[in-house]
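With compact mmCIF, C-alpha atoms and all ligand atoms inside, this is start14.txt:
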```
# COMPACT_ATOMS: atom_id res chain seq x y z
CA MET J 1 50.11 108.06 92.67
CA GLU J 2 48.42 110.40 95.10
CA GLN J 3 50.73 112.88 96.82
CA ARG J 4 51.56 112.14 100.41
CA LYS J 5 49.53 114.05 102.96
CA ILE J 6 51.23 116.83 104.90
CA TYR J 7 50.58 117.15 108.63
CA VAL J 8 51.04 119.92 111.18
CA LEU J 9 50.07 118.48 114.54
CA GLY J 10 50.29 119.93 118.01
CA ASN J 11 50.77 117.72 121.04
CA TRP J 12 49.51 119.57 124.08
CA LYS J 13 50.56 116.79 126.48
CA LEU J 14 49.24 117.41 130.01
CA ASN J 15 48.42 121.09 129.57
CA LYS J 16 45.47 123.47 129.36
CA SER J 17 42.34 123.93 131.43
CA PHE J 18 38.92 124.40 129.86
CA ASN J 19 39.37 128.19 129.99
CA ASP J 20 42.79 127.94 128.37
CA ILE J 21 41.26 125.96 125.52
CA LEU J 22 38.47 128.49 125.13
CA SER J 23 40.89 131.36 124.70
CA TYR J 24 43.26 129.25 122.55
CA PHE J 25 40.55 128.64 119.98
CA GLN J 26 39.33 132.23 120.10
CA THR J 27 42.77 133.30 118.93
CA PHE J 28 43.49 130.38 116.63
CA ASN J 29 40.09 130.57 114.90
CA GLU J 30 40.49 134.29 114.32
CA GLN J 31 43.82 133.65 112.60
CA LEU J 32 42.35 130.82 110.59
CA LYS J 33 39.51 132.97 109.33
CA LYS J 34 42.04 135.23 107.64
CA ASP J 35 43.30 132.30 105.58
CA ASN J 36 40.54 130.90 103.41
CA GLU J 37 42.66 128.15 101.98
CA LEU J 38 43.37 126.69 105.42
CA LEU J 39 39.88 127.39 106.69
CA GLU J 40 38.12 125.66 103.81
CA GLY J 41 40.60 122.84 103.50
CA SER J 42 44.04 122.80 101.96
CA SER J 43 46.03 119.63 101.47
CA ILE J 44 47.49 120.09 104.96
CA ILE J 45 46.00 118.15 107.83
CA TYR J 46 46.37 120.28 110.93
CA GLY J 47 45.16 120.04 114.49
CA VAL J 48 45.96 119.51 118.12
CA ALA J 49 45.95 116.69 120.65
CA PRO J 50 44.47 117.77 123.99
CA THR J 51 44.04 115.45 126.97
CA TYR J 52 41.12 113.01 126.78
CA VAL J 53 38.80 115.10 128.94
CA SER J 54 39.32 118.11 126.70
CA ILE J 55 38.54 116.35 123.44
CA GLN J 56 34.85 117.14 123.44
CA PRO J 57 35.19 120.85 124.32
CA ALA J 58 37.96 121.18 121.73
CA GLN J 59 35.73 119.58 119.08
CA THR J 60 33.03 122.12 119.88
CA LEU J 61 35.35 125.13 119.92
CA LYS J 62 37.55 124.48 116.90
CA ALA J 63 36.95 126.05 113.50
CA GLY J 64 37.70 125.25 109.88
CA LYS J 65 39.38 121.96 109.14
CA THR J 66 41.18 121.73 112.49
CA ILE J 67 41.31 118.14 113.65
CA ILE J 68 41.33 117.04 117.26
CA LEU J 69 43.48 114.02 117.85
CA ALA J 70 44.15 111.85 120.88
CA GLN J 71 47.49 111.37 122.63
CA ASP J 72 47.15 107.63 123.22
CA VAL J 73 44.71 104.72 123.09
CA CYS J 74 44.32 101.33 124.72
CA GLY J 75 45.43 98.41 122.55
CA VAL J 76 42.45 96.26 123.46
CA GLY J 77 38.71 96.85 123.35
CA TYR J 78 36.27 97.20 126.22
CA GLY J 79 37.04 95.30 129.40
CA ALA J 80 38.61 95.47 132.83
CA TYR J 81 41.30 98.04 131.96
CA THR J 82 41.03 100.81 134.53
CA GLY J 83 42.19 104.19 133.34
CA GLN J 84 42.20 103.28 129.66
CA ILE J 85 40.31 104.63 126.64
CA ALA J 86 39.23 102.47 123.68
CA ALA J 87 39.56 103.46 120.03
CA LYS J 88 35.78 103.11 119.60
CA GLN J 89 35.20 105.68 122.32
CA LEU J 90 37.49 108.13 120.57
CA LEU J 91 35.49 107.61 117.39
CA ASP J 92 32.32 108.49 119.32
CA TYR J 93 33.89 111.93 119.78
CA ASP J 94 34.85 112.20 116.12
CA VAL J 95 38.55 111.58 116.73
CA LYS J 96 40.11 109.99 113.65
CA TYR J 97 43.82 110.39 114.44
CA CYS J 98 45.77 109.28 117.49
CA LEU J 99 49.41 109.35 118.62
CA VAL J 100 50.86 106.01 119.66
CA GLY J 101 54.19 105.23 121.25
CA HIS J 102 55.04 108.81 122.15
CA SER J 103 58.30 108.63 124.08
CA GLU J 104 56.66 109.99 127.22
CA THR J 105 54.19 107.07 127.20
CA ARG J 106 57.13 104.72 126.63
CA LYS J 107 58.99 106.29 129.55
CA TYR J 108 56.25 106.86 132.13
CA LEU J 109 53.64 104.26 131.15
CA TYR J 110 56.09 101.56 130.04
CA VAL J 111 54.63 101.32 126.55
CA THR J 112 56.66 98.82 124.50
CA ASP J 113 56.95 98.34 120.74
CA GLN J 114 54.64 95.32 121.04
CA MET J 115 52.06 97.53 122.75
CA VAL J 116 52.53 100.16 120.06
CA ARG J 117 51.60 97.44 117.58
CA THR J 118 48.40 96.47 119.40
CA LYS J 119 47.44 100.14 119.76
CA THR J 120 48.12 100.68 116.05
CA LYS J 121 45.94 97.70 115.16
CA ALA J 122 43.13 98.82 117.46
CA LEU J 123 43.07 102.17 115.69
CA LEU J 124 43.23 100.66 112.20
CA GLU J 125 40.30 98.38 113.05
CA CYS J 126 38.28 101.53 113.72
CA ASN J 127 39.49 103.14 110.47
CA MET J 128 41.51 105.66 112.44
CA THR J 129 44.99 106.92 111.59
CA PRO J 130 47.78 105.97 114.02
CA ILE J 131 50.65 108.44 114.26
CA ILE J 132 53.43 106.15 115.39
CA CYS J 133 56.23 107.90 117.27
CA ILE J 134 59.71 106.42 117.08
CA GLY J 135 63.08 107.80 118.10
CA GLU J 136 66.42 107.11 119.72
CA SER J 137 67.77 108.23 123.10
CA LEU J 138 70.77 110.55 123.45
CA GLU J 139 72.98 107.63 124.42
CA GLN J 140 71.89 105.66 121.34
CA TYR J 141 72.43 108.75 119.17
CA GLU J 142 75.93 109.26 120.54
CA LYS J 143 76.76 105.60 119.99
CA GLN J 144 75.51 105.98 116.41
CA GLN J 145 72.77 103.42 116.94
CA THR J 146 69.96 105.61 115.60
CA TYR J 147 69.32 103.56 112.44
CA ASP J 148 69.31 100.23 114.29
CA VAL J 149 66.99 101.55 116.98
CA LEU J 150 64.51 102.94 114.46
CA ASN J 151 64.66 99.82 112.32
CA ASN J 152 63.99 97.68 115.35
CA GLN J 153 61.07 99.83 116.49
CA LEU J 154 59.52 99.77 113.03
CA THR J 155 60.05 96.05 112.52
CA ILE J 156 58.35 95.13 115.80
CA THR J 157 55.54 97.65 115.35
CA PHE J 158 54.73 96.57 111.81
CA LYS J 159 55.07 92.82 112.43
CA THR J 160 51.86 91.12 111.20
CA LEU J 161 50.59 94.35 109.63
CA THR J 162 49.73 94.15 105.93
CA LYS J 163 50.90 96.78 103.47
CA GLU J 164 47.30 97.94 103.12
CA GLN J 165 47.41 98.69 106.85
CA VAL J 166 50.85 100.28 106.79
CA VAL J 167 49.89 102.86 104.15
CA LYS J 168 47.21 104.07 106.56
CA CYS J 169 49.82 104.81 109.25
CA VAL J 170 51.84 107.96 109.78
CA ILE J 171 55.33 107.82 111.30
CA ALA J 172 56.66 110.60 113.53
CA TYR J 173 60.42 110.57 113.97
CA GLU J 174 61.09 112.15 117.36
CA PRO J 175 64.61 111.82 118.79
CA LEU J 176 64.09 111.60 122.55
CA TRP J 177 66.92 114.02 123.22
CA ALA J 178 65.31 116.66 121.00
CA ILE J 179 61.93 116.62 122.76
CA GLY J 180 61.51 119.72 124.89
CA SER J 181 65.26 120.34 124.95
CA GLY J 182 65.63 123.08 122.35
CA LYS J 183 68.11 120.81 120.52
CA THR J 184 67.49 119.17 117.18
CA PRO J 185 69.51 116.94 114.89
CA THR J 186 71.06 118.86 112.00
CA ILE J 187 68.86 119.45 108.98
CA VAL J 188 70.97 116.96 107.03
CA GLU J 189 70.51 114.34 109.77
CA ILE J 190 66.74 114.88 109.77
CA GLU J 191 66.61 114.49 106.00
CA ASN J 192 68.82 111.38 106.02
CA ILE J 193 66.96 109.73 108.86
CA CYS J 194 63.50 110.41 107.43
CA SER J 195 64.57 109.07 104.07
CA SER J 196 66.13 106.03 105.78
CA ILE J 197 62.86 105.37 107.60
CA ARG J 198 61.22 105.30 104.18
CA GLY J 199 63.93 102.88 103.07
CA MET J 200 63.22 100.64 106.08
CA ILE J 201 59.51 100.53 105.19
CA ALA J 202 60.47 99.69 101.61
CA ARG J 203 62.60 96.78 102.83
CA LEU J 204 59.83 95.51 105.10
CA TYR J 205 57.20 95.89 102.34
CA ASP J 206 58.02 97.53 98.99
CA ASP J 207 58.78 100.92 97.42
CA GLU J 208 55.17 101.67 96.57
CA THR J 209 54.12 101.17 100.18
CA ALA J 210 57.00 103.25 101.52
CA LYS J 211 56.24 106.12 99.14
CA GLN J 212 52.72 106.42 100.50
CA VAL J 213 53.58 106.72 104.20
CA SER J 214 53.81 110.26 105.57
CA ILE J 215 56.85 110.73 107.81
CA LEU J 216 56.81 113.64 110.26
CA TYR J 217 59.59 115.15 112.33
CA GLY J 218 59.09 116.15 115.97
CA GLY J 219 61.36 117.51 118.72
CA SER J 220 61.95 121.19 119.48
CA VAL J 221 60.22 122.40 116.32
CA LYS J 222 59.89 126.19 116.47
CA GLU J 223 58.82 128.99 114.21
CA GLU J 224 62.53 129.69 113.57
CA ASN J 225 63.56 126.19 112.43
CA CYS J 226 60.38 124.80 110.86
CA LYS J 227 61.09 126.00 107.32
CA ASP J 228 64.50 124.34 107.16
CA ILE J 229 63.04 121.09 108.46
CA ILE J 230 59.94 121.01 106.29
CA ILE J 231 61.63 121.73 102.98
CA ASN J 232 63.24 118.29 103.07
CA PRO J 233 61.42 116.13 100.51
CA ASP J 234 61.14 113.17 102.89
CA VAL J 235 59.68 115.22 105.75
CA ASP J 236 55.91 115.25 105.34
CA GLY J 237 55.03 117.34 108.35
CA LEU J 238 55.69 118.24 111.94
CA LEU J 239 54.68 117.06 115.38
CA ILE J 240 55.01 120.02 117.70
CA GLY J 241 54.91 120.05 121.49
CA GLY J 242 55.85 123.26 123.31
CA ALA J 243 55.46 125.58 120.33
CA SER J 244 51.91 124.34 119.71
CA LEU J 245 50.73 125.60 123.09
CA ASP J 246 50.62 129.16 121.82
CA PRO J 247 47.93 129.63 119.15
CA ASN J 248 49.78 132.41 117.34
CA THR J 249 53.02 130.43 117.14
CA PHE J 250 51.23 127.28 116.06
CA PHE J 251 49.40 129.22 113.37
CA LYS J 252 52.62 130.80 112.11
CA ILE J 253 54.25 127.37 111.80
CA LEU J 254 51.19 126.14 109.95
CA GLN J 255 51.45 129.00 107.48
CA ILE J 256 55.16 128.42 106.92
CA VAL J 257 54.50 124.75 106.18
CA LYS J 258 51.70 125.71 103.79
CA GLN J 259 54.03 128.09 101.98
CA TRP J 260 56.80 125.51 101.53
CA LYS J 261 54.87 122.31 101.03
CA LYS J 262 52.31 123.29 98.39
P1 LIG V 1 58.58 119.56 121.74
O1 LIG V 1 57.75 118.18 121.86
O2 LIG V 1 58.15 120.20 120.42
O3 LIG V 1 58.17 120.37 122.91
O4 LIG V 1 60.01 119.21 121.71
C1 LIG V 1 57.52 117.35 120.76
C2 LIG V 1 56.74 116.14 121.18
O5 LIG V 1 56.91 115.64 122.30
O6 LIG V 1 55.92 115.63 120.38
```
Since I need it in another form, could you write the structure as structure tokens?
Ligand code: PGA
Amino acid sequence: MEQRKIYVLGNWKLNKSFNDILSYFQTFNEQLKKDNELLEGSSIIYGVAPTYVSIQPAQTLKAGKTIILAQDVCGVGYGAYTGQIAAKQLLDYDVKYCLVGHSETRKYLYVTDQMVRTKTKALLECNMTPIICIGESLEQYEKQQTYDVLNNQLTITFKTLTKEQVVKCVIAYEPLWAIGSGKTPTIVEIENICSSIRGMIARLYDDETAKQVSILYGGSVKEENCKDIIINPDVDGLLIGGASLDPNTFFKILQIVKQWKK
């Protein structure tokens, strides 16, 4: 069976002006040009998610195999949905990957697991890759409900999805309390939870399906902790917020992942 893909993805959230993006890529591209393997295409899929309006400039400014992904998508096609963006429109701008269910969209835009499912399906219909974010709150973590919460999120999101569709999805495990807080679960917890997520997919589908799904970790990933997180066999990459805003830091994390996940 093909090896699972490894991802290093930056989530810029609501940050960066056009000029910021210009100087970001000047620096990032320069770094990239020193690493032929990454520039020409290694097995690592790497890139950043700017805001919608910055997708086109980012596509023009990026170099090498950098991908530009979107932070969210509407679950339905064209219609009377003010403020929304359709998967087809993202494709028009060569976007092939998109986050769905990020905890900030769950919190501020009231995105539910059912909506995550419709968004996932909308992306799959356009042959795009959904990066489905799941994770427990601090209260749920402290009450030791993490596994139940994740299982519930996955079960609702994947309901009615075939295994052929599920293998095209990526899961990002992001504990809510780790996002932007500087705190992370222990390395052992990350390993156990990511491998349990794979177990949950296996129970919903089968082992073969579960083995093909890349599972990323996100939440306070930094240059200092990324090696310990990424060396876990069930962690297939990283979703990085704050630390991806600096091109040098993001590049360093990318190189560390390349070194340990070859
Ligand atoms: P953080 O954000 O790395 O700043 O914690 C991660 C995310 O929200 O995806």
Please produce, as JSON lines, a per-residue contact table for region 131-212 of chain J versus region 60-76 of chain J (criterion: any atom at most 12 Å away, only C-alpha atoms considered), showing the nearest atom pair and its distance in Å to one decimal, sorted by chain then residue number.
```
{"residue": "J:Ile131", "atom": "CA", "partner": "J:Gln71", "partner_atom": "CA", "distance": 9.4}
{"residue": "J:Ile132", "atom": "CA", "partner": "J:Asp72", "partner_atom": "CA", "distance": 10.1}
{"residue": "J:Cys133", "atom": "CA", "partner": "J:Gln71", "partner_atom": "CA", "distance": 10.8}
```
Can you write out the residues you just picked, keeping C-alpha atoms, as a short mmCIF file (atom, residue, chain, number, x, y, z; two decimals), in the frame of the given file?
```cif
data_model
loop_
_atom_site.label_atom_id
_atom_site.label_comp_id
_atom_site.auth_asym_id
_atom_site.auth_seq_id
_atom_site.Cartn_x
_atom_site.Cartn_y
_atom_site.Cartn_z
CA ILE J 131 50.65 108.44 114.26
CA ILE J 132 53.43 106.15 115.39
CA CYS J 133 56.23 107.90 117.27
#
```
Closest atom pairs, residues of chain J within 9 Å of ligand LIG 1 (chain V), all atoms listed in the file, as JSON lines:
```
{"residue": "J:Leu9", "atom": "CA", "partner": "V:LIG1", "partner_atom": "O6", "distance": 8.7}
{"residue": "J:Gly10", "atom": "CA", "partner": "V:LIG1", "partner_atom": "O6", "distance": 7.5}
{"residue": "J:Asn11", "atom": "CA", "partner": "V:LIG1", "partner_atom": "O6", "distance": 5.6}
{"residue": "J:Trp12", "atom": "CA", "partner": "V:LIG1", "partner_atom": "O6", "distance": 8.4}
{"residue": "J:Lys13", "atom": "CA", "partner": "V:LIG1", "partner_atom": "O5", "distance": 7.7}
{"residue": "J:His102", "atom": "CA", "partner": "V:LIG1", "partner_atom": "O5", "distance": 7.1}
{"residue": "J:Ser103", "atom": "CA", "partner": "V:LIG1", "partner_atom": "O5", "distance": 7.4}
{"residue": "J:Glu104", "atom": "CA", "partner": "V:LIG1", "partner_atom": "O5", "distance": 7.5}
{"residue": "J:Cys133", "atom": "CA", "partner": "V:LIG1", "partner_atom": "O6", "distance": 8.3}
{"residue": "J:Ala172", "atom": "CA", "partner": "V:LIG1", "partner_atom": "O6", "distance": 8.5}
{"residue": "J:Glu174", "atom": "CA", "partner": "V:LIG1", "partner_atom": "O6", "distance": 6.9}
{"residue": "J:Leu176", "atom": "CA", "partner": "V:LIG1", "partner_atom": "O5", "distance": 8.2}
{"residue": "J:Trp177", "atom": "CA", "partner": "V:LIG1", "partner_atom": "O4", "distance": 8.8}
{"residue": "J:Ala178", "atom": "CA", "partner": "V:LIG1", "partner_atom": "O4", "distance": 5.9}
{"residue": "J:Ile179", "atom": "CA", "partner": "V:LIG1", "partner_atom": "O4", "distance": 3.4}
{"residue": "J:Gly180", "atom": "CA", "partner": "V:LIG1", "partner_atom": "O4", "distance": 3.6}
{"residue": "J:Ser181", "atom": "CA", "partner": "V:LIG1", "partner_atom": "O4", "distance": 6.3}
{"residue": "J:Gly182", "atom": "CA", "partner": "V:LIG1", "partner_atom": "O4", "distance": 6.9}
{"residue": "J:Lys183", "atom": "CA", "partner": "V:LIG1", "partner_atom": "O4", "distance": 8.3}
{"residue": "J:Thr184", "atom": "CA", "partner": "V:LIG1", "partner_atom": "O4", "distance": 8.7}
{"residue": "J:Tyr217", "atom": "CA", "partner": "V:LIG1", "partner_atom": "O6", "distance": 8.9}
{"residue": "J:Gly218", "atom": "CA", "partner": "V:LIG1", "partner_atom": "C1", "distance": 5.2}
{"residue": "J:Gly219", "atom": "CA", "partner": "V:LIG1", "partner_atom": "O4", "distance": 3.7}
{"residue": "J:Ser220", "atom": "CA", "partner": "V:LIG1", "partner_atom": "O4", "distance": 3.6}
{"residue": "J:Val221", "atom": "CA", "partner": "V:LIG1", "partner_atom": "O2", "distance": 5.1}
{"residue": "J:Lys222", "atom": "CA", "partner": "V:LIG1", "partner_atom": "O2", "distance": 7.4}
{"residue": "J:Leu238", "atom": "CA", "partner": "V:LIG1", "partner_atom": "O6", "distance": 8.8}
{"residue": "J:Leu239", "atom": "CA", "partner": "V:LIG1", "partner_atom": "O6", "distance": 5.3}
{"residue": "J:Ile240", "atom": "CA", "partner": "V:LIG1", "partner_atom": "O2", "distance": 4.2}
{"residue": "J:Gly241", "atom": "CA", "partner": "V:LIG1", "partner_atom": "O2", "distance": 3.4}
{"residue": "J:Gly242", "atom": "CA", "partner": "V:LIG1", "partner_atom": "O3", "distance": 3.7}
{"residue": "J:Ala243", "atom": "CA", "partner": "V:LIG1", "partner_atom": "O2", "distance": 6.0}
{"residue": "J:Ser244", "atom": "CA", "partner": "V:LIG1", "partner_atom": "O2", "distance": 7.5}
```
- Message: Calculated over only C-alpha atoms, which of the candidates J:Gln114, J:Ser195, J:Asn19, J:Thr27 has the smallest distance to Ile215 (chain J)?
- Response: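 When distances to Ile215 (chain J) are compared using only C-alpha atoms, the smallest one comes from J:Ser195.
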- Between CA of Asp207 (chain J) and CA of Val167 (chain J), distance in Å (one decimal): 11.3 Å
- Between CA of Gln59 (chain J) and CA of Val213 (chain J), what is the distance, to one decimal in Å? 26.6 Å
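With all atoms listed in the file as the basis for measurement, J:Ile44 is the residue among J:Ile44, J:Leu161, J:Leu22, J:Val170 that approaches Ile256 (chain J) most closely.
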Region 52-60 of chain J, all listed atoms, 3 Å padding on each side: what axis-aligned box centre and edge lengths in Å to one decimal come out, as lines of an AutoDock Vina configuration file?
```
center_x = 37.1
center_y = 117.6
center_z = 124.0
size_x = 14.1
size_y = 15.1
size_z = 15.9
```
- Between J:Arg106, J:Thr162, J:Ile190, J:Asn232, which has the minimum distance to Thr146 (chain J) (counting all atoms listed in the file)?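 Closest to Thr146 (chain J) of all the choices is J:Ile190.
Straight-line separation from CA of Phe250 (chain J) to CA of Val188 (chain J): 24.0 Å.
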- Query: If we count all atoms listed in the file, what is near Gln212 (chain J) at a cut-off of 12 Å, once residues fewer than 6 positions away on the same chain are taken out, given as a PyMOL selection string?
  - Reply: chain J and resi 1-6+163-171+198+201-202+205-206+234+236
With C-alpha atoms retained, write the just-selected residues as a short mmCIF file (atom, residue, chain, number, x, y, z; two decimals), keeping the file's coordinate frame.
```
data_model
loop_
_atom_site.label_atom_id
_atom_site.label_comp_id
_atom_site.auth_asym_id
_atom_site.auth_seq_id
_atom_site.Cartn_x
_atom_site.Cartn_y
_atom_site.Cartn_z
CA MET J 1 50.11 108.06 92.67
CA GLU J 2 48.42 110.40 95.10
CA GLN J 3 50.73 112.88 96.82
CA ARG J 4 51.56 112.14 100.41
CA LYS J 5 49.53 114.05 102.96
CA ILE J 6 51.23 116.83 104.90
CA LYS J 163 50.90 96.78 103.47
CA GLU J 164 47.30 97.94 103.12
CA GLN J 165 47.41 98.69 106.85
CA VAL J 166 50.85 100.28 106.79
CA VAL J 167 49.89 102.86 104.15
CA LYS J 168 47.21 104.07 106.56
CA CYS J 169 49.82 104.81 109.25
CA VAL J 170 51.84 107.96 109.78
CA ILE J 171 55.33 107.82 111.30
CA ARG J 198 61.22 105.30 104.18
CA ILE J 201 59.51 100.53 105.19
CA ALA J 202 60.47 99.69 101.61
CA TYR J 205 57.20 95.89 102.34
CA ASP J 206 58.02 97.53 98.99
CA ASP J 234 61.14 113.17 102.89
CA ASP J 236 55.91 115.25 105.34
#
```
- Item | Proximity to Val95 (chain J) - best of J:Thr118, J:Gln56, J:Asn36, J:Gln145, all atoms listed in the file |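 Among the listed residues, J:Gln56 lies closest to Val95 (chain J).
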